[in-house]
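A short worksheet on the structure shown next.
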Amino acid sequence: MTSGLAARGSMTIQPAPPIPLYFIHNTYQAAHHGHFLIHLNYMNEDIKNKPGSYWKEKLTPEEYQVLREQGTEAAFTGKYWDNHETGMYACAACGQELFSSKTKFDSGSGWPSFDDPINAEHIELIEDTSHGMRRTEVKCKNCGSHLGHMFDDGPTRSTGKRYCINSCSLNFQEKDQA
Ligand SMILES: [Zn+2]
């Protein structure tokens, strides 16, 4: 046994240690390695089951209220409703890419509005009957965080949908091409 291991020497491949999520989050904040981050977060299958204490530490109080408690930021107060730069909007909680600036349009609502997600598999649509309304809630499929709501009054020349998303649920990464 021992001699066999020694003989293989540097050929022995060690399994990678689990990567703590705080490291992933910080890497994202610092370097904006969007694609890299997403790959790493898919490895962390427990991200949907993290307790509230985990997210409270990770998010600002406003982000926590919106992302984890289905809150809504006041219209025209967020950082992205009037953002016209080219790039990608990712989930503010886990970094999953959600919406391209190519699909962003000016809805006049005061919230960032998109007519299509970057990938239908990156979001989850759930019927929401809270506050006496029948709406469709939009969640990040990777981490289960609340993003906003989807309505059927979007631009009819495209999907006809309006994904009305809270700015604080998103992290924008400027890119040359969306
Ligand atoms: Zn997420």
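Order determines the names: the first chain of the structure tokens is A, the second B, and so forth; residues in each chain are numbered 1 upward, and ligands are numbered 1 upward as they are shown.
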Inset, instruction - Produce as a VMD selection string the set of residues near ligand 1, where near means within 9 Å with only C-alpha atoms and all ligand atoms considered. - result: chain A and resid 47 to 48 67 90 to 98 122 to 123 139 to 147 169
Any chance you could export the current selection's N, CA and C atoms as a JSON list (two decimals), in the first residue's frame?
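Wrote result.json, looks like this:
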[["chain", "number", "residue", "atom", "x", "y", "z"],
["A", 47, "ILE", "N", -27.26, 25.74, -1.16],
["A", 47, "ILE", "CA", -27.48, 27.20, -1.11],
["A", 47, "ILE", "C", -28.96, 27.55, -0.94],
["A", 48, "LYS", "N", -29.84, 26.71, -1.43],
["A", 48, "LYS", "CA", -31.28, 26.97, -1.27],
["A", 48, "LYS", "C", -31.75, 26.75, 0.16],
["A", 67, "LEU", "N", -34.82, 40.17, -1.03],
["A", 67, "LEU", "CA", -34.43, 38.86, -1.57],
["A", 67, "LEU", "C", -34.97, 37.69, -0.76],
["A", 90, "ALA", "N", -26.88, 40.01, -12.69],
["A", 90, "ALA", "CA", -26.81, 38.72, -12.00],
["A", 90, "ALA", "C", -27.55, 38.80, -10.66],
["A", 91, "CYS", "N", -27.88, 37.66, -10.10],
["A", 91, "CYS", "CA", -28.53, 37.60, -8.79],
["A", 91, "CYS", "C", -27.61, 38.20, -7.72],
["A", 92, "ALA", "N", -28.14, 39.13, -6.93],
["A", 92, "ALA", "CA", -27.32, 39.79, -5.91],
["A", 92, "ALA", "C", -26.98, 38.84, -4.77],
["A", 93, "ALA", "N", -27.71, 37.76, -4.64],
["A", 93, "ALA", "CA", -27.45, 36.82, -3.54],
["A", 93, "ALA", "C", -26.44, 35.74, -3.92],
["A", 94, "CYS", "N", -26.54, 35.18, -5.14],
["A", 94, "CYS", "CA", -25.67, 34.04, -5.47],
["A", 94, "CYS", "C", -24.82, 34.25, -6.73],
["A", 95, "GLY", "N", -25.08, 35.29, -7.51],
["A", 95, "GLY", "CA", -24.24, 35.57, -8.67],
["A", 95, "GLY", "C", -24.69, 34.93, -9.97],
["A", 96, "GLN", "N", -25.77, 34.17, -9.94],
["A", 96, "GLN", "CA", -26.26, 33.56, -11.19],
["A", 96, "GLN", "C", -26.68, 34.65, -12.19],
["A", 97, "GLU", "N", -26.26, 34.54, -13.43],
["A", 97, "GLU", "CA", -26.66, 35.51, -14.44],
["A", 97, "GLU", "C", -28.15, 35.36, -14.74],
["A", 98, "LEU", "N", -28.86, 36.50, -14.80],
["A", 98, "LEU", "CA", -30.32, 36.45, -14.93],
["A", 98, "LEU", "C", -30.84, 37.19, -16.16],
["A", 122, "HIS", "N", -32.78, 29.64, -15.39],
["A", 122, "HIS", "CA", -32.13, 30.36, -14.30],
["A", 122, "HIS", "C", -33.13, 31.01, -13.35],
["A", 123, "ILE", "N", -34.41, 30.98, -13.74],
["A", 123, "ILE", "CA", -35.42, 31.59, -12.88],
["A", 123, "ILE", "C", -36.54, 30.59, -12.60],
["A", 139, "LYS", "N", -38.35, 34.15, -9.04],
["A", 139, "LYS", "CA", -37.29, 33.81, -8.08],
["A", 139, "LYS", "C", -36.04, 33.34, -8.82],
["A", 140, "CYS", "N", -34.88, 33.50, -8.18],
["A", 140, "CYS", "CA", -33.65, 32.91, -8.71],
["A", 140, "CYS", "C", -33.72, 31.41, -8.47],
["A", 141, "LYS", "N", -33.58, 30.63, -9.52],
["A", 141, "LYS", "CA", -33.72, 29.18, -9.37],
["A", 141, "LYS", "C", -32.54, 28.58, -8.61],
["A", 142, "ASN", "N", -31.41, 29.24, -8.67],
["A", 142, "ASN", "CA", -30.21, 28.69, -8.03],
["A", 142, "ASN", "C", -30.26, 28.81, -6.51],
["A", 143, "CYS", "N", -30.69, 29.97, -6.00],
["A", 143, "CYS", "CA", -30.64, 30.17, -4.54],
["A", 143, "CYS", "C", -32.01, 30.41, -3.92],
["A", 144, "GLY", "N", -33.06, 30.50, -4.73],
["A", 144, "GLY", "CA", -34.41, 30.67, -4.19],
["A", 144, "GLY", "C", -34.73, 32.08, -3.75],
["A", 145, "SER", "N", -33.87, 33.04, -4.06],
["A", 145, "SER", "CA", -34.13, 34.42, -3.64],
["A", 145, "SER", "C", -35.21, 35.08, -4.49],
["A", 146, "HIS", "N", -35.98, 35.97, -3.85],
["A", 146, "HIS", "CA", -37.03, 36.71, -4.54],
["A", 146, "HIS", "C", -36.40, 37.81, -5.40],
["A", 147, "LEU", "N", -36.87, 37.90, -6.65],
["A", 147, "LEU", "CA", -36.32, 38.93, -7.56],
["A", 147, "LEU", "C", -37.35, 40.01, -7.86],
["A", 169, "SER", "N", -32.04, 43.31, -5.95],
["A", 169, "SER", "CA", -31.93, 41.87, -6.16],
["A", 169, "SER", "C", -30.87, 41.55, -7.22]]
Legend entry - Contacts of range 163-168 of chain A within 7 Å, only C-alpha atoms, excl. fewer than 6 positions in-chain, as a list of chain:residue names: A:Glu63, A:Thr72, A:Glu73, A:Gly78, A:Lys79, A:Tyr80, A:Trp81, A:Ala92, A:Trp111, A:Pro112, A:Ser113, A:Phe114, A:Asp115, A:Leu147, A:Gly148, A:His149, A:Met150, A:Phe151
Inset, instruction - Name all residues at most 10 Å from Glu174 in chain A (count only C-alpha atoms; drop same-chain ones fewer than 3 positions away) and give them as a VMD selection string. - result: chain A and resid 32 85 to 89 101 171 177 to 178
Inset, instruction - Check range 17-177 of chain A with DSSP on the backbone and list each residue it calls alpha helix (DSSP H), as number ranges by chain. - result: A: 21-31, 34-43, 52-58, 61-67
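Of the residues in range 61-95 of chain A, those given strand (DSSP E) by DSSP on the backbone are Gly87, Met88, Tyr89, Ala90 and Cys91 of chain A.
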Save out the residues we just selected, N, CA and C atoms, as an mmCIF file, in the first residue's frame.
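Okay, result-v9.cif is ready:
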data_model
loop_
_atom_site.group_PDB
_atom_site.id
_atom_site.type_symbol
_atom_site.label_atom_id
_atom_site.label_comp_id
_atom_site.auth_asym_id
_atom_site.auth_seq_id
_atom_site.Cartn_x
_atom_site.Cartn_y
_atom_site.Cartn_z
ATOM 1 N N GLY A 87 -24.445 45.223 -20.511
ATOM 2 C CA GLY A 87 -23.860 44.225 -19.627
ATOM 3 C C GLY A 87 -24.858 43.201 -19.146
ATOM 4 N N MET A 88 -24.528 42.589 -18.004
ATOM 5 C CA MET A 88 -25.310 41.465 -17.492
ATOM 6 C C MET A 88 -25.758 41.740 -16.060
ATOM 7 N N TYR A 89 -27.009 41.405 -15.784
ATOM 8 C CA TYR A 89 -27.550 41.531 -14.434
ATOM 9 C C TYR A 89 -27.596 40.138 -13.802
ATOM 10 N N ALA A 90 -26.876 40.012 -12.686
ATOM 11 C CA ALA A 90 -26.815 38.720 -11.995
ATOM 12 C C ALA A 90 -27.547 38.803 -10.659
ATOM 13 N N CYS A 91 -27.878 37.664 -10.099
ATOM 14 C CA CYS A 91 -28.535 37.600 -8.788
ATOM 15 C C CYS A 91 -27.612 38.198 -7.721
#
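CA of Lys161 in chain A is found 7.1 Å from CA of Asp116 in chain A.
One distance worth recording is that between CA of Asp106 in chain A and CA of Phe76 in chain A, which is 11.9 Å.
Between Thr103 in chain A and the residues A:Thr159, A:Lys175, A:Leu59, A:Leu170, the shortest atom-to-atom distance, using only C-alpha atoms, involves A:Thr159.
One finds CA of Val138 in chain A at 12.0 Å from CA of Val66 in chain A.
Among the candidates A:Arg162, A:Lys58, A:Arg68, A:Lys104, the residue lying nearest to Asp82 in chain A is A:Lys104 (atoms considered: only C-alpha atoms).
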